[in-house]
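Student: Structure file model-v6.pdb (PDB, C-alpha atoms, pLDDT in the B column) is given on the next line.
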ATOM      1  CA  MET A   1     179.355  73.649  98.660  1.00 81.00           C
ATOM      2  CA  PRO A   2     180.873  75.609 101.527  1.00 87.00           C
ATOM      3  CA  SER A   3     179.109  78.810 102.513  1.00 90.00           C
ATOM      4  CA  GLU A   4     182.109  80.706 103.861  1.00 90.00           C
ATOM      5  CA  HIS A   5     184.162  82.847 101.467  1.00 90.00           C
ATOM      6  CA  ALA A   6     187.494  81.557 102.794  1.00 91.00           C
ATOM      7  CA  GLN A   7     186.349  77.940 102.422  1.00 91.00           C
ATOM      8  CA  LEU A   8     185.215  78.624  98.873  1.00 88.00           C
ATOM      9  CA  LEU A   9     188.610  80.143  98.042  1.00 86.00           C
ATOM     10  CA  ALA A  10     190.313  77.019  99.338  1.00 88.00           C
ATOM     11  CA  LEU A  11     188.565  74.849  96.742  1.00 83.00           C
ATOM     12  CA  PRO A  12     190.635  73.895  93.683  1.00 79.00           C
ATOM     13  CA  GLY A  13     189.966  76.146  90.703  1.00 76.00           C
ATOM     14  CA  ILE A  14     187.991  78.724  92.697  1.00 83.00           C
ATOM     15  CA  GLY A  15     189.348  82.249  92.568  1.00 84.00           C
ATOM     16  CA  GLU A  16     188.314  85.527  94.171  1.00 88.00           C
ATOM     17  CA  TYR A  17     185.555  86.308  91.684  1.00 87.00           C
ATOM     18  CA  THR A  18     183.869  82.886  91.884  1.00 87.00           C
ATOM     19  CA  ALA A  19     184.134  82.707  95.674  1.00 90.00           C
ATOM     20  CA  ALA A  20     182.608  86.173  96.043  1.00 92.00           C
ATOM     21  CA  ALA A  21     179.854  85.399  93.524  1.00 90.00           C
ATOM     22  CA  VAL A  22     178.856  82.130  95.209  1.00 91.00           C
ATOM     23  CA  ALA A  23     178.951  83.662  98.700  1.00 93.00           C
ATOM     24  CA  SER A  24     176.903  86.623  97.502  1.00 93.00           C
ATOM     25  CA  PHE A  25     174.352  84.988  95.214  1.00 91.00           C
ATOM     26  CA  ALA A  26     173.885  81.603  96.880  1.00 92.00           C
ATOM     27  CA  TYR A  27     174.335  82.597 100.518  1.00 94.00           C
ATOM     28  CA  ARG A  28     173.308  86.290 100.356  1.00 94.00           C
ATOM     29  CA  GLN A  29     176.558  87.482 101.963  1.00 95.00           C
ATOM     30  CA  ARG A  30     178.255  90.865 101.589  1.00 96.00           C
ATOM     31  CA  HIS A  31     181.111  90.501  99.096  1.00 95.00           C
ATOM     32  CA  ALA A  32     182.323  92.688  96.244  1.00 95.00           C
ATOM     33  CA  VAL A  33     181.746  90.693  93.057  1.00 94.00           C
ATOM     34  CA  LEU A  34     184.058  92.114  90.404  1.00 94.00           C
ATOM     35  CA  ASP A  35     183.501  90.687  86.950  1.00 91.00           C
ATOM     36  CA  THR A  36     184.350  92.484  83.703  1.00 91.00           C
ATOM     37  CA  ASN A  37     180.934  94.135  83.506  1.00 93.00           C
ATOM     38  CA  VAL A  38     180.993  95.433  87.083  1.00 96.00           C
ATOM     39  CA  ARG A  39     184.531  96.740  86.665  1.00 96.00           C
ATOM     40  CA  ARG A  40     183.438  98.659  83.550  1.00 96.00           C
ATOM     41  CA  VAL A  41     180.404 100.167  85.335  1.00 97.00           C
ATOM     42  CA  PHE A  42     182.571 101.297  88.241  1.00 97.00           C
ATOM     43  CA  ALA A  43     185.286 102.661  85.945  1.00 97.00           C
ATOM     44  CA  ARG A  44     182.759 104.777  84.088  1.00 97.00           C
ATOM     45  CA  ALA A  45     180.399 105.776  86.871  1.00 97.00           C
ATOM     46  CA  ALA A  46     182.883 106.362  89.675  1.00 97.00           C
ATOM     47  CA  THR A  47     186.230 107.174  88.085  1.00 96.00           C
ATOM     48  CA  GLY A  48     185.175 108.712  84.760  1.00 97.00           C
ATOM     49  CA  ILE A  49     187.169 106.456  82.462  1.00 96.00           C
ATOM     50  CA  GLN A  50     185.747 104.367  79.634  1.00 96.00           C
ATOM     51  CA  TYR A  51     187.369 101.036  80.530  1.00 95.00           C
ATOM     52  CA  PRO A  52     189.006  99.561  83.624  1.00 93.00           C
ATOM     53  CA  PRO A  53     192.642  98.398  83.589  1.00 90.00           C
ATOM     54  CA  ASN A  54     193.340  95.051  81.908  1.00 85.00           C
ATOM     55  CA  ALA A  55     193.870  93.369  85.293  1.00 85.00           C
ATOM     56  CA  THR A  56     191.884  94.023  88.471  1.00 89.00           C
ATOM     57  CA  THR A  57     193.745  96.440  90.741  1.00 92.00           C
ATOM     58  CA  ALA A  58     193.799  96.992  94.483  1.00 93.00           C
ATOM     59  CA  ALA A  59     192.193 100.401  93.876  1.00 95.00           C
ATOM     60  CA  GLU A  60     189.272  98.740  92.077  1.00 95.00           C
ATOM     61  CA  ARG A  61     188.779  96.286  94.939  1.00 94.00           C
ATOM     62  CA  LYS A  62     188.860  99.128  97.453  1.00 96.00           C
ATOM     63  CA  LEU A  63     186.325 101.137  95.427  1.00 97.00           C
ATOM     64  CA  ALA A  64     184.032  98.101  95.062  1.00 96.00           C
ATOM     65  CA  ARG A  65     184.086  97.504  98.828  1.00 96.00           C
ATOM     66  CA  ALA A  66     183.393 101.188  99.498  1.00 96.00           C
ATOM     67  CA  LEU A  67     180.364 101.180  97.168  1.00 96.00           C
ATOM     68  CA  LEU A  68     178.949  97.937  98.571  1.00 96.00           C
ATOM     69  CA  PRO A  69     175.875  98.406 100.797  1.00 97.00           C
ATOM     70  CA  ASP A  70     176.412  97.451 104.445  1.00 97.00           C
ATOM     71  CA  GLU A  71     173.482  95.033 104.804  1.00 97.00           C
ATOM     72  CA  ASP A  72     174.064  91.501 103.445  1.00 95.00           C
ATOM     73  CA  GLU A  73     170.822  91.101 101.491  1.00 95.00           C
ATOM     74  CA  GLN A  74     171.090  94.563  99.964  1.00 97.00           C
ATOM     75  CA  ALA A  75     174.738  93.930  99.088  1.00 96.00           C
ATOM     76  CA  ALA A  76     173.800  90.680  97.316  1.00 95.00           C
ATOM     77  CA  ARG A  77     171.115  92.489  95.301  1.00 95.00           C
ATOM     78  CA  TRP A  78     173.620  95.263  94.517  1.00 96.00           C
ATOM     79  CA  ALA A  79     176.123  92.716  93.197  1.00 94.00           C
ATOM     80  CA  ALA A  80     173.515  91.199  90.882  1.00 93.00           C
ATOM     81  CA  ALA A  81     172.244  94.619  89.779  1.00 95.00           C
ATOM     82  CA  THR A  82     175.691  95.966  88.904  1.00 96.00           C
ATOM     83  CA  MET A  83     176.456  92.830  86.888  1.00 93.00           C
ATOM     84  CA  GLU A  84     173.207  93.202  84.956  1.00 95.00           C
ATOM     85  CA  LEU A  85     173.780  96.918  84.413  1.00 96.00           C
ATOM     86  CA  GLY A  86     177.154  96.211  82.839  1.00 95.00           C
ATOM     87  CA  ALA A  87     175.884  93.275  80.797  1.00 92.00           C
ATOM     88  CA  LEU A  88     172.743  94.914  79.427  1.00 93.00           C
ATOM     89  CA  VAL A  89     173.068  98.715  79.567  1.00 96.00           C
ATOM     90  CA  CYS A  90     176.631  99.872  80.166  1.00 97.00           C
ATOM     91  CA  THR A  91     178.141  97.493  77.631  1.00 95.00           C
ATOM     92  CA  ALA A  92     181.670  97.642  76.283  1.00 91.00           C
ATOM     93  CA  LYS A  93     180.747  98.590  72.734  1.00 88.00           C
ATOM     94  CA  SER A  94     177.322 100.214  72.821  1.00 90.00           C
ATOM     95  CA  GLU A  95     176.384 101.753  76.137  1.00 95.00           C
ATOM     96  CA  ASP A  96     172.791 103.006  76.411  1.00 96.00           C
ATOM     97  CA  CYS A  97     172.914 105.938  78.814  1.00 96.00           C
ATOM     98  CA  THR A  98     169.228 106.707  78.163  1.00 97.00           C
ATOM     99  CA  ARG A  99     168.320 103.441  79.938  1.00 96.00           C
ATOM    100  CA  CYS A 100     170.875 103.773  82.725  1.00 97.00           C
ATOM    101  CA  PRO A 101     169.464 104.407  86.219  1.00 96.00           C
ATOM    102  CA  ILE A 102     172.689 106.146  87.316  1.00 97.00           C
ATOM    103  CA  SER A 103     173.453 108.178  84.182  1.00 97.00           C
ATOM    104  CA  GLU A 104     172.845 111.484  85.979  1.00 97.00           C
ATOM    105  CA  GLN A 105     175.701 110.650  88.390  1.00 97.00           C
ATOM    106  CA  CYS A 106     178.006 108.891  85.909  1.00 98.00           C
ATOM    107  CA  ALA A 107     181.421 110.577  85.962  1.00 98.00           C
ATOM    108  CA  TRP A 108     182.296 109.328  82.463  1.00 98.00           C
ATOM    109  CA  ARG A 109     179.065 110.621  80.901  1.00 97.00           C
ATOM    110  CA  LEU A 110     179.364 113.934  82.766  1.00 98.00           C
ATOM    111  CA  ALA A 111     182.947 114.299  81.434  1.00 97.00           C
ATOM    112  CA  GLY A 112     181.673 113.948  77.864  1.00 97.00           C
ATOM    113  CA  LYS A 113     182.557 110.247  77.499  1.00 97.00           C
ATOM    114  CA  PRO A 114     186.286 110.704  76.927  1.00 96.00           C
ATOM    115  CA  PRO A 115     187.806 107.882  74.863  1.00 93.00           C
ATOM    116  CA  HIS A 116     190.012 105.221  76.409  1.00 92.00           C
ATOM    117  CA  GLN A 117     193.566 106.474  77.001  1.00 89.00           C
ATOM    118  CA  GLY A 118     195.120 103.391  78.583  1.00 82.00           C
ATOM    119  CA  PRO A 119     196.927 100.428  77.063  1.00 79.00           C
ATOM    120  CA  PRO A 120     195.127  98.531  74.313  1.00 77.00           C
ATOM    121  CA  ARG A 121     192.289  96.412  75.582  1.00 73.00           C
ATOM    122  CA  ARG A 122     192.698  92.680  75.300  1.00 69.00           C
ATOM    123  CA  GLY A 123     189.978  90.951  73.366  1.00 64.00           C
ATOM    124  CA  GLN A 124     188.597  87.893  75.048  1.00 62.00           C
ATOM    125  CA  THR A 125     189.123  84.931  72.758  1.00 70.00           C
ATOM    126  CA  TYR A 126     186.708  82.037  72.677  1.00 71.00           C
ATOM    127  CA  ALA A 127     187.116  80.141  69.415  1.00 76.00           C
ATOM    128  CA  GLY A 128     189.341  77.138  69.913  1.00 81.00           C
ATOM    129  CA  THR A 129     189.600  77.497  73.689  1.00 84.00           C
ATOM    130  CA  ASP A 130     188.918  74.884  76.331  1.00 85.00           C
ATOM    131  CA  ARG A 131     185.887  77.016  77.278  1.00 86.00           C
ATOM    132  CA  GLN A 132     184.441  76.437  73.827  1.00 90.00           C
ATOM    133  CA  VAL A 133     185.054  72.681  74.063  1.00 91.00           C
ATOM    134  CA  ARG A 134     183.485  72.547  77.528  1.00 91.00           C
ATOM    135  CA  GLY A 135     180.462  74.421  76.217  1.00 92.00           C
ATOM    136  CA  ARG A 136     180.016  71.977  73.344  1.00 94.00           C
ATOM    137  CA  LEU A 137     180.330  68.977  75.637  1.00 95.00           C
ATOM    138  CA  LEU A 138     177.792  70.415  78.060  1.00 93.00           C
ATOM    139  CA  ALA A 139     175.409  71.194  75.194  1.00 93.00           C
ATOM    140  CA  VAL A 140     175.360  67.523  74.164  1.00 95.00           C
ATOM    141  CA  LEU A 141     174.704  66.445  77.741  1.00 95.00           C
ATOM    142  CA  ARG A 142     171.966  69.059  78.261  1.00 93.00           C
ATOM    143  CA  GLU A 143     170.146  67.938  75.111  1.00 94.00           C
ATOM    144  CA  SER A 144     170.009  64.286  76.171  1.00 93.00           C
ATOM    145  CA  VAL A 145     167.641  62.828  78.741  1.00 92.00           C
ATOM    146  CA  ASN A 146     169.747  59.647  78.858  1.00 94.00           C
ATOM    147  CA  PRO A 147     173.421  59.129  79.632  1.00 96.00           C
ATOM    148  CA  VAL A 148     175.629  60.014  76.674  1.00 96.00           C
ATOM    149  CA  PRO A 149     178.255  57.605  75.313  1.00 96.00           C
ATOM    150  CA  GLN A 150     181.854  58.754  74.924  1.00 95.00           C
ATOM    151  CA  SER A 151     181.487  58.499  71.134  1.00 95.00           C
ATOM    152  CA  ALA A 152     178.817  61.233  71.125  1.00 96.00           C
ATOM    153  CA  LEU A 153     181.114  63.520  73.077  1.00 96.00           C
ATOM    154  CA  ASP A 154     184.050  62.670  70.815  1.00 95.00           C
ATOM    155  CA  ALA A 155     182.018  63.898  67.833  1.00 95.00           C
ATOM    156  CA  VAL A 156     181.808  67.494  69.095  1.00 94.00           C
ATOM    157  CA  TRP A 157     185.531  68.293  68.978  1.00 94.00           C
ATOM    158  CA  GLU A 158     188.175  66.926  66.660  1.00 92.00           C
ATOM    159  CA  GLU A 159     191.298  67.437  68.787  1.00 91.00           C
ATOM    160  CA  PRO A 160     191.364  64.494  71.271  1.00 90.00           C
ATOM    161  CA  VAL A 161     193.817  65.874  73.841  1.00 90.00           C
ATOM    162  CA  GLN A 162     191.954  69.148  74.257  1.00 90.00           C
ATOM    163  CA  ARG A 163     188.597  67.358  74.294  1.00 93.00           C
ATOM    164  CA  ALA A 164     189.799  64.938  77.006  1.00 92.00           C
ATOM    165  CA  ARG A 165     191.231  67.833  79.055  1.00 90.00           C
ATOM    166  CA  ALA A 166     187.919  69.716  78.822  1.00 90.00           C
ATOM    167  CA  LEU A 167     185.889  66.645  79.807  1.00 93.00           C
ATOM    168  CA  ASP A 168     188.257  65.854  82.689  1.00 90.00           C
ATOM    169  CA  GLY A 169     187.870  69.441  83.880  1.00 86.00           C
ATOM    170  CA  LEU A 170     184.073  69.221  83.767  1.00 90.00           C
ATOM    171  CA  VAL A 171     184.200  66.002  85.789  1.00 88.00           C
ATOM    172  CA  ALA A 172     186.650  67.514  88.309  1.00 86.00           C
ATOM    173  CA  ASP A 173     184.420  70.593  88.652  1.00 81.00           C
ATOM    174  CA  GLY A 174     181.410  68.372  89.404  1.00 84.00           C
ATOM    175  CA  LEU A 175     179.545  69.532  86.302  1.00 88.00           C
ATOM    176  CA  VAL A 176     179.577  66.117  84.610  1.00 92.00           C
ATOM    177  CA  GLU A 177     179.271  62.630  86.112  1.00 93.00           C
ATOM    178  CA  PRO A 178     181.121  59.684  84.550  1.00 95.00           C
ATOM    179  CA  LEU A 179     179.150  56.436  84.541  1.00 95.00           C
ATOM    180  CA  ALA A 180     180.036  52.795  83.949  1.00 93.00           C
ATOM    181  CA  GLY A 181     180.524  51.766  80.347  1.00 93.00           C
ATOM    182  CA  GLY A 182     182.106  55.052  79.233  1.00 93.00           C
ATOM    183  CA  GLN A 183     178.936  57.109  79.530  1.00 96.00           C
ATOM    184  CA  TYR A 184     178.409  60.575  80.991  1.00 96.00           C
ATOM    185  CA  ARG A 185     175.527  62.674  82.277  1.00 95.00           C
ATOM    186  CA  LEU A 186     174.856  65.933  84.039  1.00 92.00           C
ATOM    187  CA  PRO A 187     174.650  65.521  87.832  1.00 88.00           C
ATOM    188  CA  LEU A 188     171.226  64.645  89.155  1.00 84.00           C
ATOM    189  CA  THR A 189     169.685  67.361  91.283  1.00 66.00           C
TER     190      THR A 189
END
Is it possible to express this structure as structure tokens?

Tutor:
Amino acid sequence: MPSEHAQLLALPGIGEYTAAAVASFAYRQRHAVLDTNVRRVFARAATGIQYPPNATTAAERKLARALLPDEDEQAARWAAATMELGALVCTAKSEDCTRCPISEQCAWRLAGKPPHQGPPRRGQTYAGTDRQVRGRLLAVLRESVNPVPQSALDAVWEEPVQRARALDGLVADGLVEPLAGGQYRLPLT
């Protein structure tokens, strides 16, 4: 896996978020990691709105870079901490300001938690998606200490085209290894 952000971005299927996350978490580099949870924390704490825009904006990227600590190691810890804050405390549906370490400075809380005024928020679908199929395939492989035959993977999802696409994607991403005889396993570490 490359260690440079630009090299990570050049890999197939790797976007800005994944490249920044890998560079930050694996290589302890200074990059703004903007997932849904971090964007929500920044929207509330810094701009005083309940939810960020549906798509990441240039203003959000600029704000994230401005808030990022200068030192690499501290910036990597900051990225992880803001993700956890959004995932566990400043959640989309039930924020817990009493547990929040920045609640005293939170612009949204200080403004009285005004409700969302922007366009309707898109719900993130999961049921029936390739992500769900990939998760089911990986679950079978994780539960087995031996290589898994194609027939065991076929049993987890009825629709063959989607199942094949999901498995091909897992192989292309290096998350699953195909073996001789139509068997699969997780990569050996």

Student: List, as a list in words, every residue that the PyMOL selection byres ((chain A and resi 120) around 12) selects in the file provided.

Tutor: Tyr51, Pro52, Pro53, Asn54, Pro115, His116, Gln117, Gly118, Pro119, Arg121, Arg122 and Gly123 of chain A

Student: I need the chosen residues saved as a short mmCIF file (atom, residue, chain, number, x, y, z; two decimals), keeping the file's coordinate frame, with C-alpha atoms.

Tutor:
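Result file follows (out.cif):
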data_model
loop_
_atom_site.label_atom_id
_atom_site.label_comp_id
_atom_site.auth_asym_id
_atom_site.auth_seq_id
_atom_site.Cartn_x
_atom_site.Cartn_y
_atom_site.Cartn_z
CA TYR A 51 187.37 101.04 80.53
CA PRO A 52 189.01 99.56 83.62
CA PRO A 53 192.64 98.40 83.59
CA ASN A 54 193.34 95.05 81.91
CA PRO A 115 187.81 107.88 74.86
CA HIS A 116 190.01 105.22 76.41
CA GLN A 117 193.57 106.47 77.00
CA GLY A 118 195.12 103.39 78.58
CA PRO A 119 196.93 100.43 77.06
CA ARG A 121 192.29 96.41 75.58
CA ARG A 122 192.70 92.68 75.30
CA GLY A 123 189.98 90.95 73.37
#

Student: Name every residue that the PyMOL selection byres ((chain A and resi 85-101) around 9) selects in this structure, writing the answer as a PyMOL selection string with chains first and numbers rising.

Tutor: chain A and resi 36-41+44+50-51+80-84+102-104+109

Student: Given the file shown, enumerate the residues that the PyMOL selection byres ((chain A and resi 131-143) around 12) captures and present them as a VMD selection string.

Tutor: chain A and resid 124 to 130 144 to 171 173 175 to 178 183 to 188

Student: So that all listed atoms of range 27-37 of chain A fit with 4 Å spare on each side, what axis-aligned box centre and edge lengths in Å, to one decimal, would you give as AutoDock Vina command-line options?

Tutor:
--center_x 178.8 --center_y 88.4 --center_z 92.7 --size_x 19.0 --size_y 19.5 --size_z 26.5

Student: Using 12 Å as the limit and counting all atoms listed in the file, can you tabulate each residue of range 50-85 of chain A that touches range 4-19 of chain A, with its shortest atom-to-atom distance in Å and the two atoms involved, as CSV?

Tutor:
residue,atom,partner,partner_atom,distance
A:Thr56,CA,A:Tyr17,CA,10.5
A:Arg61,CA,A:Glu16,CA,10.8
A:Ala79,CA,A:Tyr17,CA,11.5

Student: Work out how far CA of Gly174 in chain A is from CA of Ala20 in chain A, in Å to one decimal.

Tutor: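 Answer for the CA of Ala20 in chain A to CA of Gly174 in chain A separation: 19.0 Å.
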
Student: Find the distance between CA of Arg77 in chain A and CA of Met1 in chain A and write it in Å to one decimal.

Tutor: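 CA of Met1 in chain A lies 20.8 Å from CA of Arg77 in chain A.
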